[in-house]
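Q: Below is one structure. I have some questions about it.
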Amino acid sequence: MRNTLVVAAAVAALALAGPAAAHARLIAGAPKAGATVAAPKELRLQYSETIVPADSSVTVAGPGGAAVATGKLTLDAKDKRVVHVLFATAPAPGAYKVSWKMKTADGHATDGAFAFTVKP
Ligand SMILES: [Cu+2]
C-alpha cells in the first residue's frame, strides 16, 4: 500500500513537471545577454531542451533597429539543445537585439529576446 502511494505521488509529480520542464529556456548565450563584446562571428544559444530547427528562428536587429543578415539556424553537432546562427558579415559596433522562437521536440514553442553590444 505504501509503495503504491509513493509511485502514485511520483507519477503525479512527473505529470506536473513534464510539460513545464519541456519548454525551451535559454540557459546560456554567446554573446551573453547584456554583454559588450568584440564583433562576434556567430550567436551560440544553449537551451534547456532539444530544439527542432525547422520550426525555430532567430532574428537580429542591429543599431537603429535595422535587420541584420544571418545564416540559417543550425543545431550543434554534439548537443541538440544548442543552436548556432552565423552573422553574414561582422556586426558593426552598436546595440543589438536578438529575438528567438524555439520549438522543442515535444511540440511546444517559446520565445524570448536579449540584447548585447558590439564595442568599437
Ligand atoms: Cu513544452
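Ligands are numbered from 1 in the order shown, residues from 1 within each chain, and chains are lettered A, B, ... in the order they appear in the C-alpha cells.
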Write out as a PyMOL selection string all residues of chain A that DSSP puts in strand (DSSP E or B) for this structure's backbone.
A: chain A and resi 26-30+36-37+42-47+51+57-61+67+70+74-75+82-87+94-104+109-118
Q: Using only C-alpha atoms, which of A:Ala28, A:Leu45, A:Val98, A:Ala38 sits nearest A:Gly65?
A: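 Closest candidate: A:Val98.
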Q: Using Å and a single decimal, report how far atom CA of A:Val60 sits from atom CA of A:Asp79.
A: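 Computing the Euclidean distance for atom CA of A:Asp79 and atom CA of A:Val60 yields 22.8 Å.
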Q: Per DSSP on the backbone, filter chain A down to the residues in alpha helix (DSSP H) and report them as a PyMOL selection string.
A: chain A and resi 2-21
Q: Just write the chosen residues, C-alpha atoms, as a PDB file, in the first residue's frame.
A:
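Here's the written file again.pdb:
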```
ATOM      1  CA  ARG A   2       2.742   2.453   0.939  1.00  0.00           C
ATOM      2  CA  ASN A   3       4.666   1.653  -2.259  1.00  0.00           C
ATOM      3  CA  THR A   4       1.558   2.241  -4.338  1.00  0.00           C
ATOM      4  CA  LEU A   5       1.125   5.669  -2.774  1.00  0.00           C
ATOM      5  CA  VAL A   6       4.768   6.566  -3.360  1.00  0.00           C
ATOM      6  CA  VAL A   7       4.544   5.545  -7.014  1.00  0.00           C
ATOM      7  CA  ALA A   8       1.285   7.435  -7.458  1.00  0.00           C
ATOM      8  CA  ALA A   9       2.838  10.549  -5.937  1.00  0.00           C
ATOM      9  CA  ALA A  10       5.897  10.224  -8.174  1.00  0.00           C
ATOM     10  CA  VAL A  11       3.741   9.851 -11.289  1.00  0.00           C
ATOM     11  CA  ALA A  12       1.671  12.872 -10.301  1.00  0.00           C
ATOM     12  CA  ALA A  13       4.828  14.921  -9.736  1.00  0.00           C
ATOM     13  CA  LEU A  14       6.184  13.935 -13.158  1.00  0.00           C
ATOM     14  CA  ALA A  15       2.886  14.804 -14.824  1.00  0.00           C
ATOM     15  CA  LEU A  16       3.043  18.268 -13.304  1.00  0.00           C
ATOM     16  CA  ALA A  17       6.726  18.828 -14.021  1.00  0.00           C
ATOM     17  CA  GLY A  18       6.746  17.362 -17.544  1.00  0.00           C
ATOM     18  CA  PRO A  19       5.113  19.993 -19.743  1.00  0.00           C
ATOM     19  CA  ALA A  20       6.636  22.971 -17.940  1.00  0.00           C
ATOM     20  CA  ALA A  21      10.108  21.431 -17.932  1.00  0.00           C
TER      21      ALA A  21
END
```
Q: Expressed in Å to a single decimal, how great is the separation between atom CA of A:Val58 and atom CA of A:Leu73?
A: 7.0 Å
Q: What's the 9 Å shell around A:Thr50, counting only C-alpha atoms, without same-chain residues fewer than 6 positions away, as a ChimeraX atom specification?
A: /A:22,24,79-82,103-106
